[in-house]
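Undergrad: Once you've had a glance at the structure underneath, I'll fire off some questions.
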Number of protein chains: 4
Amino acid sequence: MLGTTTWAIPEGYIPVGSTGPEPELESHETVCLLNAGDETAAVEITIYFADREPAGPYEVTVPARRTRHVRFDELDEPEPIPRGTDYASVIEADVPIVCQHTRLDSRQAENALLSTMAAPIE
Amino acid sequence: MLGTTTWAIPEGYIPVGSTGPEPELESHETVCLLNAGDETAAVEITIYFADREPAGPYEVTVPARRTRHVRFDELDEPEPIPRGTDYASVIEADVPIVCQHTRLDSRQAENALLSTMAAPIE
Amino acid sequence: MLGTTTWAIPEGYIPVGSTGPEPELESHETVCLLNAGDETAAVEITIYFADREPAGPYEVTVPARRTRHVRFDELDEPEPIPRGTDYASVIEADVPIVCQHTRLDSRQAENALLSTMAAPIE
Amino acid sequence: MLGTTTWAIPEGYIPVGSTGPEPELESHETVCLLNAGDETAAVEITIYFADREPAGPYEVTVPARRTRHVRFDELDEPEPIPRGTDYASVIEADVPIVCQHTRLDSRQAENALLSTMAAPIE
């Protein structure tokens with residue numbers, strides 16, 4: 001039972017511009033999911049906005065003993081997340097996982113990075 | 001009940017200079033608030049300084065199932081937060097929320113970013 | 001009782017070089033202390049190294065309802081912390097506080113920033 | 001008993017390129033371990049991937065009252081961690097420690113940094 005089943009990330013913003021070679025240095029945000037357990041994790045991501053009802057759930061599967069680094073700009077079912085828009089996310093899994101948030105920002109000529117562990121929800 | 005009602009952010013500093021196009025790449029600090037619940041959150045932010053009594057409370061509303069990314073340099077009631085000054089913040093809500101702290105720093109030619117989840121207070 | 005009395009920061013490294021105007025953009029690490037309570041906090045910082053016994057305690061006072069952002073390169077009693085050396089820190093207070101860690105790195109031409117909440121110790 | 005015995009870091013990625021002088025400004029990821037206790041810590045790091053079984057354990061020793069900043073690109077027994085590959089890590093110790101994660105990214109001309117406390121696992 002490594003981790004917990006619900007995590008929250010209030011910060012979300014996919015910058016509009018990029019200066020590096022794509023896709024690796026394209027501006028993007030990622031949620032890194034670790035399933036260190038022995039059962040497959042079925043994960044649902046819900047996206048919250050400032051001025052409309054939430055989108056999702058976006059469904060992601062993380063096999064047992066695997067990590068999956070999910071780019072928010074590649075989530076497109078049921079709908080893509082717009083660039084240049086404030087959002088937040090809640091990650092819910094059917095088995096305990098651990099979640100970390102990262103942004104690579106290449107709007108100006110050089111990279112900037114941020115990261116934080118997501119907030120575990122009891 | 002997603003989150004908790006009190007959060008603290010000891011680091012606060014709005015840089016004086018910026019080099020990017022405003023307002024998006026102007027140097028700023030943000031607290032991202034997520035209210036994933038079904039009731040409106042009435043939020044009060046108190047700002048602590050090194051050498052004077054605290055300022056505030058600054059009142060912010062986050063509707064149910066919404067996120068709000070609040071720039072500290074746009075808080076101006078009861079008083080604006082001075083640039084180039086160390087501060088800290090405490091966020092209190094009447095329903096559980098989740099809080100994350102971010103700074104975009106464009107004092108030099110390229111962006112720098114930092115982010116961390118705020119500290120949940122039991 | 002906002003916070004806890006013991007916090008740990010395993011990462012510590014004061015870069016040797018800087019390119020920005022001093023002291024604001026000189027490379028440095030900071031621990032931001034928030035005392036949101038009504039009693040003065042007497043804080044002791046102990047510095048751990050890779051290959052010698054710990055240094056300190058470094059004594060810092062944070063008045064009631066105040067924040068203090070302490071630069072590690074300005075701690076010099078009982079001894080300065082060497083630059084270019086891995087270290088870690090433990091912060092202990094006699095009343096509950098909240099601690100956050102930040103590094104400004106200006107070794108190359110542009111700034112880089114990192115920050116994380118310190119680890120609360122039960 | 002300062003800390004806990006199990007920590008997780010879902011984000012892991014050692015960039016392929018670097019522009020700074022090596023080894024200090026070579027792109028790298030680090031886990032900073034703090035053993036503030038009075039007994040030597042025997043630490044095992046397990047590396048998780050997206051598409052294969054985990055690697056490790058990698059064995060690290062942290063003496064009493066010492067910190068050790070471990071670069072993932074210097075772990076080579078039982079096998080090196082490939083660059084340009086998503087991974088995650090779990091750190092397990094036989095006595096309580098505290099763990100923090102940092103990346104220095106120098107793929108473009110200037111540095112970018114990220115850091116977060118690892119997730120403590122109960």
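Note on naming: chains are A, B, ... as they come in the structure tokens, residues start from 1 per chain, ligands start from 1 in the order shown.
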List the neighbours of Arg65 of chain A out to 8 Å using only C-alpha atoms; skip same-chain residues closer than 4 positions along the sequence, and give me the result as a PDB file with N, CA, C and O atoms, in the first residue's frame.
TA:
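File produced: selection_5.pdb:
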ATOM      1  N   LEU A  34       3.194   6.999  -9.938  1.00  0.00           N
ATOM      2  CA  LEU A  34       3.963   5.808  -9.580  1.00  0.00           C
ATOM      3  C   LEU A  34       3.030   4.793  -8.940  1.00  0.00           C
ATOM      4  O   LEU A  34       2.395   5.079  -7.918  1.00  0.00           O
ATOM      5  N   ASN A  35       2.977   3.630  -9.538  1.00  0.00           N
ATOM      6  CA  ASN A  35       2.238   2.508  -8.964  1.00  0.00           C
ATOM      7  C   ASN A  35       3.260   1.443  -8.551  1.00  0.00           C
ATOM      8  O   ASN A  35       3.684   0.632  -9.364  1.00  0.00           O
ATOM      9  N   ALA A  36       3.666   1.493  -7.289  1.00  0.00           N
ATOM     10  CA  ALA A  36       4.687   0.551  -6.812  1.00  0.00           C
ATOM     11  C   ALA A  36       4.066  -0.747  -6.305  1.00  0.00           C
ATOM     12  O   ALA A  36       4.780  -1.630  -5.827  1.00  0.00           O
ATOM     13  N   GLY A  37       2.766  -0.856  -6.412  1.00  0.00           N
ATOM     14  CA  GLY A  37       2.084  -2.043  -5.910  1.00  0.00           C
ATOM     15  C   GLY A  37       2.015  -3.165  -6.944  1.00  0.00           C
ATOM     16  O   GLY A  37       2.552  -3.054  -8.053  1.00  0.00           O
ATOM     17  N   ASP A  38       1.315  -4.226  -6.576  1.00  0.00           N
ATOM     18  CA  ASP A  38       1.276  -5.428  -7.404  1.00  0.00           C
ATOM     19  C   ASP A  38      -0.011  -5.575  -8.200  1.00  0.00           C
ATOM     20  O   ASP A  38      -0.245  -6.610  -8.824  1.00  0.00           O
TER      21      ASP A  38
ATOM     22  N   TYR D  48      11.727   2.482 -10.847  1.00  0.00           N
ATOM     23  CA  TYR D  48      10.586   1.986 -11.612  1.00  0.00           C
ATOM     24  C   TYR D  48      10.577   2.631 -12.997  1.00  0.00           C
ATOM     25  O   TYR D  48      10.904   3.814 -13.135  1.00  0.00           O
ATOM     26  N   PHE D  49      10.150   1.874 -13.994  1.00  0.00           N
ATOM     27  CA  PHE D  49      10.112   2.362 -15.371  1.00  0.00           C
ATOM     28  C   PHE D  49       8.693   2.271 -15.941  1.00  0.00           C
ATOM     29  O   PHE D  49       7.787   1.753 -15.291  1.00  0.00           O
ATOM     30  N   GLU D  53      10.278  -4.280 -15.747  1.00  0.00           N
ATOM     31  CA  GLU D  53      10.306  -4.501 -14.305  1.00  0.00           C
ATOM     32  C   GLU D  53      11.318  -3.553 -13.646  1.00  0.00           C
ATOM     33  O   GLU D  53      12.249  -3.076 -14.291  1.00  0.00           O
ATOM     34  N   PRO D  54      11.134  -3.258 -12.349  1.00  0.00           N
ATOM     35  CA  PRO D  54      12.028  -2.326 -11.652  1.00  0.00           C
ATOM     36  C   PRO D  54      13.478  -2.799 -11.618  1.00  0.00           C
ATOM     37  O   PRO D  54      13.767  -3.995 -11.703  1.00  0.00           O
TER      38      PRO D  54
END
Undergrad: Would you mind listing, as a list in words, all residues of chain B that have at least one atom within 6 Å of chain A, where only C-alpha atoms are what counts?
TA: Cys32, Leu33, Leu34, Arg66, Thr67, Arg68, Gln100, Glu110, Ala112, Leu113, Leu114, Ser115 and Thr116 of chain B
Undergrad: Take the residues from that selection and put them in a file with C-alpha atoms, as a CSV table (one decimal), in the first residue's frame.
TA:
chain,number,residue,atom,x,y,z
B,32,CYS,CA,-3.6,28.5,-6.7
B,33,LEU,CA,-6.8,27.6,-4.8
B,34,LEU,CA,-8.8,24.5,-5.7
B,66,ARG,CA,-13.7,25.7,-9.5
B,67,THR,CA,-10.0,26.8,-9.3
B,68,ARG,CA,-8.8,30.3,-8.8
B,100,GLN,CA,-0.2,25.6,-4.2
B,110,GLU,CA,14.9,34.4,-19.1
B,112,ALA,CA,12.7,31.2,-13.6
B,113,LEU,CA,9.9,29.3,-11.9
B,114,LEU,CA,9.4,27.8,-8.5
B,115,SER,CA,6.4,26.0,-7.0
B,116,THR,CA,5.5,24.0,-4.0
Undergrad: Name the residues in contact with Pro80 of chain B at a cut-off of 10 Å, using only C-alpha atoms, excluding same-chain residues fewer than 6 positions from it; report them as a tab-separated table (two decimals) with N, CA, C and O atoms, in the first residue's frame.
TA:
chain	number	residue	atom	x	y	z
B	55	ALA	N	-1.02	42.18	7.40
B	55	ALA	CA	-2.01	42.88	6.58
B	55	ALA	C	-3.14	41.92	6.23
B	55	ALA	O	-2.94	40.72	6.11
B	56	GLY	N	-4.33	42.50	6.04
B	56	GLY	CA	-5.46	41.66	5.64
B	56	GLY	C	-6.55	41.70	6.68
B	56	GLY	O	-6.52	42.56	7.56
B	58	TYR	N	-7.40	39.56	3.19
B	58	TYR	CA	-7.81	39.74	1.80
B	58	TYR	C	-8.87	38.68	1.52
B	58	TYR	O	-8.63	37.50	1.77
B	72	PHE	N	-0.60	37.63	-6.07
B	72	PHE	CA	-0.45	38.47	-4.88
B	72	PHE	C	-0.33	39.95	-5.27
B	72	PHE	O	-0.72	40.82	-4.50
B	73	ASP	N	0.22	40.23	-6.47
B	73	ASP	CA	0.37	41.64	-6.84
B	73	ASP	C	-0.94	42.28	-7.28
B	73	ASP	O	-0.97	43.47	-7.56
B	74	GLU	N	-2.01	41.46	-7.33
B	74	GLU	CA	-3.32	42.03	-7.66
B	74	GLU	C	-4.22	42.14	-6.43
B	74	GLU	O	-5.35	42.62	-6.53
Undergrad: Between atom CA of Glu59 of chain A and atom CA of Val16 of chain A, measure the distance and give it in Å to one decimal.
TA: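 Computed distance, atom CA of Glu59 of chain A to atom CA of Val16 of chain A, equals 24.6 Å.
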Undergrad: May I have all residues of segment 11-111 of chain B that DSSP, computed from the backbone, assigns to strand (DSSP E), given as a PyMOL selection string?
TA: chain B and resi 28-35+41-49+55-62+66-71+87-105
Undergrad: In Å, rounded to a single decimal, give me how far atom CA of Cys99 of chain C is from atom CA of Thr5 of chain B.
TA: 18.7 Å
Undergrad: Do you know which residues are at most 6 Å from Gly3 of chain B counting only C-alpha atoms, after dropping those on the same chain fewer than 2 positions away, and could you put them as a list of chain:residue names?
TA: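 Surrounding residues, per the criterion: B:Pro96, B:Ile97, B:Val98.
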Undergrad: One number please: atom CA of Glu44 of chain A to atom CA of Glu92 of chain D, in Å, one decimal.
TA: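 Those two atoms sit 28.2 Å apart.
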